[in-house]
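Text of coords.pdb, listed as PDB, C-alpha atoms:
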ATOM      1  CA  LYS U 161      12.955 215.462  33.028
ATOM      2  CA  ASP U 162       9.265 215.262  32.158
ATOM      3  CA  GLU U 163       9.067 211.657  33.376
ATOM      4  CA  VAL U 164      10.667 212.575  36.716
ATOM      5  CA  ASP U 165       8.332 215.543  37.171
ATOM      6  CA  ASP U 166       5.312 213.414  36.297
ATOM      7  CA  SER U 167       6.370 210.756  38.809
ATOM      8  CA  GLN U 168       6.802 213.307  41.583
ATOM      9  CA  SER U 169       3.442 214.953  40.911
ATOM     10  CA  ASP U 170       1.454 211.778  40.185
ATOM     11  CA  ALA U 171      -1.721 211.891  42.284
ATOM     12  CA  LEU U 172      -2.584 208.214  41.806
ATOM     13  CA  GLY U 173      -0.613 207.216  44.897
ATOM     14  CA  PHE U 174      -2.560 209.759  46.963
ATOM     15  CA  ILE U 175      -5.892 208.504  45.598
ATOM     16  CA  ILE U 176      -5.043 204.843  46.240
ATOM     17  CA  SER U 177      -3.817 205.544  49.768
ATOM     18  CA  SER U 178      -6.825 207.685  50.722
ATOM     19  CA  THR U 179      -9.378 205.179  49.379
ATOM     20  CA  SER U 180      -7.597 202.278  51.093
ATOM     21  CA  VAL U 181      -7.631 204.140  54.407
ATOM     22  CA  PHE U 182     -11.334 204.914  53.927
ATOM     23  CA  GLY U 183     -12.216 201.231  54.010
ATOM     24  CA  LEU U 184      -9.796 200.320  56.769
ATOM     25  CA  SER U 185     -11.083 203.181  58.952
ATOM     26  CA  PHE U 186     -14.364 201.307  59.355
ATOM     27  CA  LEU U 187     -12.409 198.208  60.388
ATOM     28  CA  PHE U 188     -10.319 200.060  62.967
ATOM     29  CA  ALA U 189     -13.350 201.929  64.353
ATOM     30  CA  SER U 190     -15.373 198.719  64.703
ATOM     31  CA  PHE U 191     -13.184 197.474  67.532
ATOM     32  CA  ILE U 192     -14.591 200.120  69.863
ATOM     33  CA  ILE U 193     -18.196 198.916  69.548
ATOM     34  CA  PHE U 194     -17.965 195.776  71.671
ATOM     35  CA  LEU U 195     -15.880 197.513  74.345
ATOM     36  CA  VAL U 196     -18.384 200.339  74.808
ATOM     37  CA  GLN U 197     -21.309 197.914  74.837
ATOM     38  CA  GLU U 198     -19.573 195.739  77.415
ATOM     39  CA  LYS U 199     -18.853 198.756  79.597
ATOM     40  CA  ASP U 200     -22.390 200.124  79.248
ATOM     41  CA  SER U 201     -24.019 196.776  80.105
ATOM     42  CA  LYS U 202     -21.694 196.354  83.145
ATOM     43  CA  ALA U 203     -20.401 193.062  81.733
ATOM     44  CA  LYS U 204     -16.867 194.392  81.996
ATOM     45  CA  HIS U 205     -17.468 195.409  85.616
ATOM     46  CA  ILE U 206     -18.784 191.949  86.465
ATOM     47  CA  GLN U 207     -15.635 190.364  85.033
ATOM     48  CA  PHE U 208     -13.394 192.582  87.145
ATOM     49  CA  VAL U 209     -15.478 191.947  90.270
ATOM     50  CA  SER U 210     -15.187 188.213  89.572
ATOM     51  CA  GLY U 211     -11.410 188.465  89.790
ATOM     52  CA  VAL U 212     -10.317 189.086  86.173
ATOM     53  CA  GLN U 213      -7.150 191.190  86.084
ATOM     54  CA  ALA U 214      -7.034 194.295  83.883
ATOM     55  CA  SER U 215      -3.968 192.979  82.055
ATOM     56  CA  SER U 216      -5.694 189.663  81.291
ATOM     57  CA  TYR U 217      -8.815 191.434  80.041
ATOM     58  CA  TRP U 218      -7.068 193.879  77.713
ATOM     59  CA  LEU U 219      -4.305 191.613  76.416
ATOM     60  CA  SER U 220      -6.738 188.815  75.563
ATOM     61  CA  THR U 221      -9.020 191.337  73.850
ATOM     62  CA  PHE U 222      -6.039 192.718  71.925
ATOM     63  CA  ALA U 223      -4.943 189.258  70.773
ATOM     64  CA  PHE U 224      -8.483 188.356  69.674
ATOM     65  CA  ASP U 225      -8.926 191.641  67.765
ATOM     66  CA  LEU U 226      -5.578 191.222  66.015
ATOM     67  CA  LEU U 227      -6.667 187.798  64.765
ATOM     68  CA  ASN U 228      -9.995 189.229  63.590
ATOM     69  CA  ALA U 229      -8.237 192.077  61.748
ATOM     70  CA  LEU U 230      -5.876 189.651  60.034
ATOM     71  CA  ILE U 231      -8.518 188.373  57.595
ATOM     72  CA  PRO U 232      -9.611 191.748  56.107
ATOM     73  CA  SER U 233      -5.959 192.883  56.033
ATOM     74  CA  ILE U 234      -5.042 189.833  53.959
ATOM     75  CA  LEU U 235      -7.955 190.565  51.605
ATOM     76  CA  VAL U 236      -6.726 194.153  51.105
ATOM     77  CA  PHE U 237      -3.215 192.852  50.459
ATOM     78  CA  PHE U 238      -4.654 190.376  47.945
ATOM     79  CA  LEU U 239      -6.331 193.247  46.048
ATOM     80  CA  PHE U 240      -3.015 195.092  45.734
ATOM     81  CA  ALA U 241      -1.398 191.900  44.444
ATOM     82  CA  VAL U 242      -4.162 191.234  41.889
ATOM     83  CA  PHE U 243      -4.113 194.724  40.352
ATOM     84  CA  ASN U 244      -0.298 194.618  40.198
ATOM     85  CA  LEU U 245       0.268 198.371  39.826
ATOM     86  CA  GLU U 246       3.814 199.458  39.061
ATOM     87  CA  GLY U 247       4.279 201.155  42.424
ATOM     88  CA  TYR U 248       3.085 198.103  44.362
ATOM     89  CA  ARG U 249       5.086 195.191  43.011
ATOM     90  CA  GLY U 250       7.849 192.960  44.317
ATOM     91  CA  GLU U 251       9.493 194.402  47.415
ATOM     92  CA  ASN U 252       6.781 197.042  47.665
ATOM     93  CA  LEU U 253       4.120 194.337  47.924
ATOM     94  CA  ALA U 254       5.824 192.936  51.014
ATOM     95  CA  ALA U 255       5.996 196.458  52.440
ATOM     96  CA  ILE U 256       2.232 196.831  51.918
ATOM     97  CA  PHE U 257       1.558 193.727  54.010
ATOM     98  CA  LEU U 258       3.795 195.039  56.806
ATOM     99  CA  LEU U 259       2.098 198.440  56.636
ATOM    100  CA  LEU U 260      -1.309 196.811  57.047
ATOM    101  CA  MET U 261      -0.136 194.679  59.966
ATOM    102  CA  PHE U 262       1.659 197.470  61.814
ATOM    103  CA  SER U 263      -1.144 199.995  61.283
ATOM    104  CA  THR U 264      -3.598 197.445  62.694
ATOM    105  CA  TRP U 265      -1.208 196.816  65.595
ATOM    106  CA  ALA U 266      -1.223 200.563  66.416
ATOM    107  CA  ALA U 267      -4.851 201.462  65.624
ATOM    108  CA  ILE U 268      -6.577 198.771  67.713
ATOM    109  CA  PRO U 269      -5.151 199.827  71.112
ATOM    110  CA  LEU U 270      -5.795 203.469  70.168
ATOM    111  CA  SER U 271      -9.475 202.526  69.865
ATOM    112  CA  TYR U 272      -9.204 200.986  73.333
ATOM    113  CA  ILE U 273      -8.027 204.317  74.764
ATOM    114  CA  PHE U 274     -10.943 206.178  73.187
ATOM    115  CA  SER U 275     -13.410 203.583  74.514
ATOM    116  CA  PHE U 276     -13.058 205.090  77.987
ATOM    117  CA  LEU U 277     -14.627 208.330  76.690
ATOM    118  CA  PHE U 278     -17.885 206.882  75.333
ATOM    119  CA  SER U 279     -21.016 205.300  76.762
ATOM    120  CA  ASN U 280     -22.876 204.882  73.449
ATOM    121  CA  ALA U 281     -21.454 202.394  70.951
ATOM    122  CA  LEU U 282     -23.044 203.996  67.863
ATOM    123  CA  VAL U 283     -21.678 207.446  68.695
ATOM    124  CA  ALA U 284     -18.278 205.956  69.460
ATOM    125  CA  PHE U 285     -18.132 204.107  66.138
ATOM    126  CA  SER U 286     -19.211 207.152  64.114
ATOM    127  CA  LEU U 287     -16.708 209.502  65.710
ATOM    128  CA  MET U 288     -13.888 206.991  65.404
ATOM    129  CA  VAL U 289     -14.560 206.659  61.664
ATOM    130  CA  VAL U 290     -14.272 210.432  61.407
ATOM    131  CA  PHE U 291     -11.081 210.355  63.439
ATOM    132  CA  TYR U 292      -9.445 207.561  61.477
ATOM    133  CA  TYR U 293     -10.387 208.708  57.984
ATOM    134  CA  PHE U 294     -11.207 212.408  57.804
ATOM    135  CA  VAL U 295      -8.590 213.556  60.317
ATOM    136  CA  SER U 296      -5.881 211.526  58.594
ATOM    137  CA  LEU U 297      -7.048 212.869  55.204
ATOM    138  CA  VAL U 298      -6.762 216.459  56.440
ATOM    139  CA  LEU U 299      -3.279 215.770  57.818
ATOM    140  CA  GLN U 300      -2.258 214.200  54.517
ATOM    141  CA  VAL U 301      -3.514 217.202  52.517
ATOM    142  CA  ILE U 302      -1.641 219.589  54.834
ATOM    143  CA  VAL U 303       1.629 217.774  54.194
ATOM    144  CA  PHE U 304       1.079 217.622  50.418
ATOM    145  CA  VAL U 305       0.288 221.359  50.215
ATOM    146  CA  LEU U 306       3.240 222.402  52.371
ATOM    147  CA  VAL U 307       5.669 220.295  50.316
ATOM    148  CA  VAL U 308       5.224 222.816  47.487
ATOM    149  CA  THR U 309       5.695 225.984  49.544
ATOM    150  CA  GLN U 310       7.495 225.051  52.789
ATOM    151  CA  ASP U 311       9.293 221.764  52.369
ATOM    152  CA  ASP U 312      11.119 221.874  55.737
ATOM    153  CA  THR U 313       7.886 222.523  57.620
ATOM    154  CA  ALA U 314       6.191 219.684  55.760
ATOM    155  CA  GLU U 315       9.040 217.353  56.693
ATOM    156  CA  HIS U 316       8.744 218.204  60.402
ATOM    157  CA  LEU U 317       4.955 217.861  60.344
ATOM    158  CA  HIS U 318       5.311 214.505  58.585
ATOM    159  CA  TYR U 319       7.118 213.001  61.573
ATOM    160  CA  ILE U 320       4.655 214.547  64.038
ATOM    161  CA  PHE U 321       1.575 213.369  62.133
ATOM    162  CA  LEU U 322       2.949 209.806  62.036
ATOM    163  CA  LEU U 323       1.574 209.481  65.578
ATOM    164  CA  HIS U 324      -1.794 209.051  63.837
ATOM    165  CA  PRO U 325      -1.861 205.380  62.690
ATOM    166  CA  THR U 326      -4.048 205.817  59.603
ATOM    167  CA  PHE U 327      -2.039 208.850  58.460
ATOM    168  CA  ALA U 328       1.070 206.692  58.743
ATOM    169  CA  LEU U 329      -0.632 204.012  56.634
ATOM    170  CA  ALA U 330      -1.817 206.508  53.995
ATOM    171  CA  ILE U 331       1.459 208.388  53.686
ATOM    172  CA  GLY U 332       3.340 205.084  53.549
ATOM    173  CA  LEU U 333       1.277 203.836  50.604
ATOM    174  CA  SER U 334       1.569 207.200  48.839
ATOM    175  CA  ASP U 335       5.325 207.605  49.368
ATOM    176  CA  MET U 336       5.900 204.029  48.252
ATOM    177  CA  TYR U 337       4.122 204.607  44.964
ATOM    178  CA  THR U 338       5.829 207.960  44.305
ATOM    179  CA  ASN U 339       9.277 206.609  45.155
ATOM    180  CA  GLN U 340       8.866 203.705  42.759
ATOM    181  CA  GLY U 341       7.878 206.059  39.936
ATOM    182  CA  VAL U 342      10.839 208.373  40.516
ATOM    183  CA  LYS U 343      13.189 205.421  40.886
ATOM    184  CA  SER U 344      12.032 203.915  37.581
ATOM    185  CA  ALA U 345      12.407 207.259  35.787
ATOM    186  CA  CYS U 346      15.890 207.934  37.202
ATOM    187  CA  THR U 347      17.319 204.467  36.531
ATOM    188  CA  GLN U 348      16.029 203.847  33.019
ATOM    189  CA  SER U 349      19.237 205.212  31.421
ATOM    190  CA  ASP U 350      22.603 206.737  32.282
ATOM    191  CA  MET U 351      21.383 210.130  31.100
ATOM    192  CA  ALA U 352      18.375 209.945  33.373
ATOM    193  CA  ARG U 353      20.555 208.907  36.305
ATOM    194  CA  THR U 354      22.919 211.842  35.646
ATOM    195  CA  PHE U 355      19.989 214.260  35.427
ATOM    196  CA  CYS U 356      18.595 213.072  38.779
ATOM    197  CA  GLU U 357      21.990 213.409  40.470
ATOM    198  CA  MET U 358      22.520 216.921  39.080
ATOM    199  CA  ASN U 359      19.066 218.085  40.214
ATOM    200  CA  ASP U 360      19.171 216.367  43.639
ATOM    201  CA  VAL U 361      16.185 214.168  42.860
ATOM    202  CA  ASN U 362      15.910 211.832  45.828
ATOM    203  CA  TYR U 363      14.690 208.274  45.666
ATOM    204  CA  ALA U 364      15.284 205.164  47.791
ATOM    205  CA  ASP U 365      16.769 202.009  46.305
ATOM    206  CA  SER U 366      14.902 199.979  48.927
ATOM    207  CA  VAL U 367      11.521 200.922  50.356
ATOM    208  CA  PHE U 368      12.621 199.536  53.747
ATOM    209  CA  GLU U 369      15.297 202.201  54.284
ATOM    210  CA  PHE U 370      14.655 204.503  57.233
ATOM    211  CA  LYS U 371      15.258 207.796  55.454
ATOM    212  CA  ARG U 372      12.514 209.302  53.313
ATOM    213  CA  PRO U 373      11.252 208.748  50.694
ATOM    214  CA  ALA U 374      11.552 205.152  51.971
ATOM    215  CA  ILE U 375       9.111 204.084  54.687
ATOM    216  CA  GLY U 376      11.229 202.073  57.127
ATOM    217  CA  HIS U 377      10.764 204.758  59.775
ATOM    218  CA  ILE U 378       6.977 204.366  59.487
ATOM    219  CA  PHE U 379       7.226 200.697  60.506
ATOM    220  CA  LEU U 380       9.202 201.710  63.587
ATOM    221  CA  TYR U 381       6.710 204.446  64.448
ATOM    222  CA  LEU U 382       3.711 202.104  64.224
ATOM    223  CA  PHE U 383       5.374 199.345  66.227
ATOM    224  CA  VAL U 384       6.306 201.702  69.074
ATOM    225  CA  GLU U 385       2.866 203.332  68.970
ATOM    226  CA  GLY U 386       1.167 199.961  69.398
ATOM    227  CA  LEU U 387       3.251 199.205  72.483
ATOM    228  CA  LEU U 388       2.687 202.650  73.989
ATOM    229  CA  PHE U 389      -1.072 202.617  73.317
ATOM    230  CA  ILE U 390      -1.659 199.206  74.935
ATOM    231  CA  ILE U 391       0.475 200.206  77.936
ATOM    232  CA  LEU U 392      -1.469 203.464  78.218
ATOM    233  CA  THR U 393      -4.732 201.492  78.063
ATOM    234  CA  LEU U 394      -3.626 199.371  81.019
ATOM    235  CA  LEU U 395      -2.504 202.448  82.939
ATOM    236  CA  ILE U 396      -5.846 204.190  82.377
ATOM    237  CA  GLU U 397      -7.730 201.064  83.488
ATOM    238  CA  ARG U 398      -5.603 200.907  86.625
ATOM    239  CA  GLN U 399      -5.973 204.684  87.141
ATOM    240  CA  PHE U 400      -2.204 204.945  86.672
ATOM    241  CA  PHE U 401      -1.865 202.738  89.807
ATOM    242  CA  TRP U 402      -2.866 205.701  91.966
ATOM    243  CA  PRO U 403      -5.034 203.569  94.351
ATOM    244  CA  GLU U 404      -2.069 201.238  95.008
ATOM    245  CA  ILE U 405       0.334 204.162  95.409
ATOM    246  CA  LYS U 406      -2.089 205.867  97.780
ATOM    247  CA  LYS U 407      -2.387 202.726  99.922
ATOM    248  CA  CYS U 408       1.387 202.433 100.120
ATOM    249  CA  VAL U 409       1.770 206.071 101.165
ATOM    250  CA  ILE U 410      -1.283 206.176 103.439
ATOM    251  CA  PRO U 411      -2.006 202.623 104.668
ATOM    252  CA  ASN U 412      -5.663 201.972 105.460
ATOM    253  CA  LYS U 413      -5.982 199.745 108.472
ATOM    254  CA  ASN U 414      -9.546 198.866 107.567
ATOM    255  CA  ASN U 415      -8.284 197.083 104.430
ATOM    256  CA  ARG U 416      -5.888 194.787 106.260
ATOM    257  CA  LEU U 417      -6.717 191.120 106.608
ATOM    258  CA  GLN U 418      -7.488 190.496 110.254
ATOM    259  CA  ASN U 419      -5.843 187.346 111.578
ATOM    260  CA  GLU U 420      -7.114 187.762 115.132
ATOM    261  CA  PRO U 421     -10.406 186.010 115.990
ATOM    262  CA  THR U 422     -13.596 188.056 115.788
ATOM    263  CA  CYS U 423     -16.785 187.787 117.796
ATOM    264  CA  GLU U 424     -18.707 184.737 116.583
ATOM    265  CA  ASP U 425     -22.482 184.289 116.816
ATOM    266  CA  ASP U 426     -23.812 181.210 118.585
ATOM    267  CA  ASP U 427     -25.524 179.803 115.498
ATOM    268  CA  VAL U 428     -22.374 180.303 113.418
ATOM    269  CA  ALA U 429     -20.285 178.495 116.055
ATOM    270  CA  ALA U 430     -22.845 175.676 116.232
ATOM    271  CA  GLU U 431     -22.746 175.228 112.437
ATOM    272  CA  ARG U 432     -18.938 175.164 112.497
ATOM    273  CA  ARG U 433     -18.925 172.457 115.184
ATOM    274  CA  LYS U 434     -21.547 170.480 113.273
ATOM    275  CA  VAL U 435     -19.403 170.509 110.116
ATOM    276  CA  ALA U 436     -16.315 169.491 112.082
ATOM    277  CA  SER U 437     -18.121 166.512 113.596
ATOM    278  CA  ILE U 438     -19.422 165.117 110.289
ATOM    279  CA  ASN U 439     -17.842 161.954 108.939
ATOM    280  CA  ILE U 440     -17.727 162.373 105.164
ATOM    281  CA  ASN U 441     -17.548 158.589 104.621
ATOM    282  CA  SER U 442     -20.717 157.923 106.605
ATOM    283  CA  ASP U 443     -24.181 157.441 105.126
ATOM    284  CA  ASP U 444     -25.608 160.660 106.577
ATOM    285  CA  ASP U 445     -28.182 162.679 104.647
ATOM    286  CA  GLU U 446     -25.992 165.761 104.097
ATOM    287  CA  VAL U 447     -25.642 166.477 100.360
ATOM    288  CA  VAL U 448     -23.619 169.703 100.563
ATOM    289  CA  ILE U 449     -20.868 170.346 103.111
ATOM    290  CA  ILE U 450     -18.870 173.597 103.065
ATOM    291  CA  GLU U 451     -15.975 173.763 105.502
ATOM    292  CA  ASN U 452     -13.880 176.864 106.232
ATOM    293  CA  LEU U 453     -14.531 178.529 102.842
ATOM    294  CA  VAL U 454     -12.378 181.634 102.344
ATOM    295  CA  LYS U 455     -12.365 184.129  99.460
ATOM    296  CA  VAL U 456      -9.810 186.953  99.244
ATOM    297  CA  TYR U 457      -9.602 189.557  96.458
ATOM    298  CA  ASN U 458      -5.913 190.263  96.081
ATOM    299  CA  THR U 459      -4.248 193.486  95.030
ATOM    300  CA  ILE U 460      -1.193 193.415  92.746
ATOM    301  CA  LYS U 461       1.048 193.791  95.787
ATOM    302  CA  SER U 462      -0.591 190.971  97.752
ATOM    303  CA  ALA U 463      -0.677 188.668  94.709
ATOM    304  CA  ALA U 464       3.016 189.244  94.013
ATOM    305  CA  CYS U 465       4.125 188.018  97.450
ATOM    306  CA  PRO U 466       1.290 185.959  98.994
ATOM    307  CA  CYS U 467       3.520 184.397 101.647
ATOM    308  CA  VAL U 468       4.688 187.709 103.130
ATOM    309  CA  PRO U 469       2.214 189.097 105.716
ATOM    310  CA  SER U 470       3.362 192.700 105.203
ATOM    311  CA  CYS U 471       2.353 192.467 101.539
ATOM    312  CA  GLN U 472      -1.269 191.690 102.331
ATOM    313  CA  THR U 473      -2.150 195.328 102.925
ATOM    314  CA  GLY U 474      -5.151 196.209 100.774
ATOM    315  CA  ALA U 475      -6.331 192.619 100.148
ATOM    316  CA  LYS U 476     -10.124 192.299 100.507
ATOM    317  CA  LEU U 477     -11.412 189.477 102.693
ATOM    318  CA  ALA U 478     -14.844 188.724 101.169
ATOM    319  CA  VAL U 479     -15.671 185.334 102.770
ATOM    320  CA  ASP U 480     -14.232 184.465 106.197
ATOM    321  CA  HIS U 481     -14.202 180.709 106.996
ATOM    322  CA  ILE U 482     -17.808 179.905 106.158
ATOM    323  CA  ASN U 483     -19.180 176.541 107.371
ATOM    324  CA  LEU U 484     -22.457 175.153 106.076
ATOM    325  CA  VAL U 485     -24.372 171.875 105.954
ATOM    326  CA  ILE U 486     -27.350 171.317 103.618
ATOM    327  CA  PRO U 487     -29.342 168.122 104.312
ATOM    328  CA  LEU U 488     -31.024 165.978 101.681
ATOM    329  CA  GLY U 489     -34.213 167.580 100.372
ATOM    330  CA  GLU U 490     -33.220 171.165 101.167
ATOM    331  CA  CYS U 491     -30.859 171.735  98.240
TER
END
Please rewrite the model in this file as structure tokens.
Amino acid sequence: KDEVDDSQSDALGFIISSTSVFGLSFLFASFIIFLVQEKDSKAKHIQFVSGVQASSYWLSTFAFDLLNALIPSILVFFLFAVFNLEGYRGENLAAIFLLLMFSTWAAIPLSYIFSFLFSNALVAFSLMVVFYYFVSLVLQVIVFVLVVTQDDTAEHLHYIFLLHPTFALAIGLSDMYTNQGVKSACTQSDMARTFCEMNDVNYADSVFEFKRPAIGHIFLYLFVEGLLFIILTLLIERQFFWPEIKKCVIPNKNNRLQNEPTCEDDDVAAERRKVASININSDDDEVVIIENLVKVYNTIKSAACPCVPSCQTGAKLAVDHINLVIPLGEC
């Protein structure tokens, strides 16, 4: 009985989980720095003006950040393996690696969402560290305190607080350690097993089970959170597609590509005729020849069906059949 009680009240799992999250909070918060700097310097705006799609920008950033986070995550996993604590061996060691990967998967796009709120990278980083560590620590303490007095309330809050990625990581590490201690105490002898069954002492045979005190449900939470956060990031960047919806509901004739000829200046017409009359294979002195250059900034609708004229509503015609000749010595 004393061994079971000691395992259930052992604070070492809480200490290990909270200190691990402290270090990883700086990692997760660091991903917001470059995004805020890029937004503040207008580098992000220049990329979008140059034709980069929001999905390409965010998904490539997400992939790059995941690769960057892989190295420190492996180092943290290596530390758990080296110290070889009883609660973090064998199957539990594999669960630690998955916890690190899934928490990184969920925390990085959450930083992307918060990047829209900041214009100063230092302030953003500092507040995100507070959010990832201190907020998750407070949530963890709330659950631990309520377990003693109001177990049902603590259980409900546990599943709500899992929406916070670093809380999910911390509670996963803590529950894993506690479950292993209780499991070892309850399975060391037939008498111990009988005692645990008579007193409804719960433990999971496998840490990957979905029901607590196993942590399989935490993996599912973090995976879904990562998907939802990156989708929400894209929706925020696209203003929830409100500009496209508005154009579909209220078409703007000024945004349509005009196929009919417009009034052409005499010098523009003369340059066009000059370009048309040039023989590229001749030995003339022209070093640069631009003929009928067109640049169109497509919307999602116009890019999806470029061959359908009705889909071109909203496409921006930036350059309309430019013709230019630059002779030798003027370039």
| field | Picked residues, the PyMOL selection byres ((chain U and resi 276) around 10), as JSON, numbers by chain | value | {"U": [192, 195, 196, 199, 271, 272, 273, 274, 275, 277, 278, 279, 393, 396, 397]}
Selection export as a tab-separated table (two decimals), in the coordinates of the input, atoms kept: C-alpha atoms:
chain	number	residue	atom	x	y	z
U	192	ILE	CA	-14.59	200.12	69.86
U	195	LEU	CA	-15.88	197.51	74.34
U	196	VAL	CA	-18.38	200.34	74.81
U	199	LYS	CA	-18.85	198.76	79.60
U	271	SER	CA	-9.48	202.53	69.86
U	272	TYR	CA	-9.20	200.99	73.33
U	273	ILE	CA	-8.03	204.32	74.76
U	274	PHE	CA	-10.94	206.18	73.19
U	275	SER	CA	-13.41	203.58	74.51
U	277	LEU	CA	-14.63	208.33	76.69
U	278	PHE	CA	-17.89	206.88	75.33
U	279	SER	CA	-21.02	205.30	76.76
U	393	THR	CA	-4.73	201.49	78.06
U	396	ILE	CA	-5.85	204.19	82.38
U	397	GLU	CA	-7.73	201.06	83.49
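The gap separating atom CA of Tyr293 of chain U from atom CA of His377 of chain U is 21.6 Å, in Å to one decimal.
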| query | Selected by the PyMOL selection byres ((chain U and resi 330) around 10) in the shown coordinates: which residues, as JSON, numbers by chain? | reply | {"U": [173, 174, 175, 176, 177, 178, 179, 180, 181, 182, 259, 263, 293, 296, 297, 300, 322, 325, 326, 327, 328, 329, 331, 332, 333, 334, 335, 336]}
Need the axis-aligned box for segment 185-194 of chain U with 4 Å each side, so what are the centre and edges in Å to one decimal, as lines of an AutoDock Vina configuration file?
center_x = -14.3
center_y = 199.5
center_z = 65.3
size_x = 15.9
size_y = 15.4
size_z = 20.7
| query | Quick one: distance from atom CA of Ala229 of chain U to atom CA of Phe188 of chain U in Å, one decimal? | reply |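 Spanning atom CA of Ala229 of chain U to atom CA of Phe188 of chain U is a straight-line distance of 8.3 Å.
Closest approach to Leu323 of chain U from the set U:Asp311, U:Glu385, U:Asp350, U:Glu451 is made by U:Glu385, with distances taken over only C-alpha atoms.
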| For Ala189 of chain U, which of U:Phe224, U:Phe257, U:Phe383, U:Tyr292 is the closest residue, counting all atoms listed in the file? | U:Tyr292
| query | What does the distance between atom CA of Ala345 of chain U and atom CA of Asn362 of chain U come to in Å, to one decimal place? | reply |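 Between atom CA of Ala345 of chain U and atom CA of Asn362 of chain U the gap works out to 11.6 Å.
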Compile the contact shell of Val307 of chain U as a compact mmCIF listing (two decimals) with C-alpha atoms, in the coordinates of the input: residues with an atom at most 12 Å away, counting all atoms listed in the file, same-chain residues fewer than 4 positions apart removed.
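Contents of around_37.txt, as written:
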# COMPACT_ATOMS: atom_id res chain seq x y z
CA GLN U 168 6.80 213.31 41.58
CA SER U 169 3.44 214.95 40.91
CA GLN U 300 -2.26 214.20 54.52
CA VAL U 301 -3.51 217.20 52.52
CA ILE U 302 -1.64 219.59 54.83
CA VAL U 303 1.63 217.77 54.19
CA ASP U 311 9.29 221.76 52.37
CA ASP U 312 11.12 221.87 55.74
CA THR U 313 7.89 222.52 57.62
CA ALA U 314 6.19 219.68 55.76
CA GLU U 315 9.04 217.35 56.69
CA HIS U 316 8.74 218.20 60.40
CA LEU U 317 4.96 217.86 60.34
CA HIS U 318 5.31 214.50 58.58
| field | segment 428-435 of chain U environment, 10 Å, all atoms listed in the file, sequence neighbours closer than 6 positions dropped, as JSON, numbers by chain | value | {"U": [449, 450, 451, 452, 481, 482, 483, 484, 485]}
| Closest to Leu187 of chain U among U:Phe208, U:Phe285, U:Phe237, U:Tyr248, using only C-alpha atoms? |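 Nearest candidate to Leu187 of chain U out of U:Phe208, U:Phe285, U:Phe237, U:Tyr248: U:Phe285.
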| request: Have a look at U:Ile391, U:Val305, U:Leu172, U:Met288 and name the one nearest to Leu245 of chain U; count all atoms listed in the file. | output: U:Leu172
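With distances taken over all atoms listed in the file, U:Ala214 is the one residue among U:Ala214, U:Ile375, U:Val209, U:Ala254 lying closest to Arg398 of chain U.
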| request: Give me the residues within 10 Å of Asp225 of chain U as a list in words, counting all atoms listed in the file and dropping any in the same chain fewer than 6 places off. | output: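 Returned residues: Phe188, Phe191, Leu219, Thr264, Trp265, Ile268 and Pro269 of chain U.
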| Could you spell out the hits of the PyMOL selection byres ((chain U and resi 363) around 12) on the shown file, as a PyMOL selection string? | chain U and resi 164+167-168+335-347+353+356-357+360-362+364-367+369+371-375
| note | Counting all atoms listed in the file, closest pick from U:Leu270, U:Ala203, U:Leu239, U:Gly183 relative to Leu382 of chain U is U:Leu270
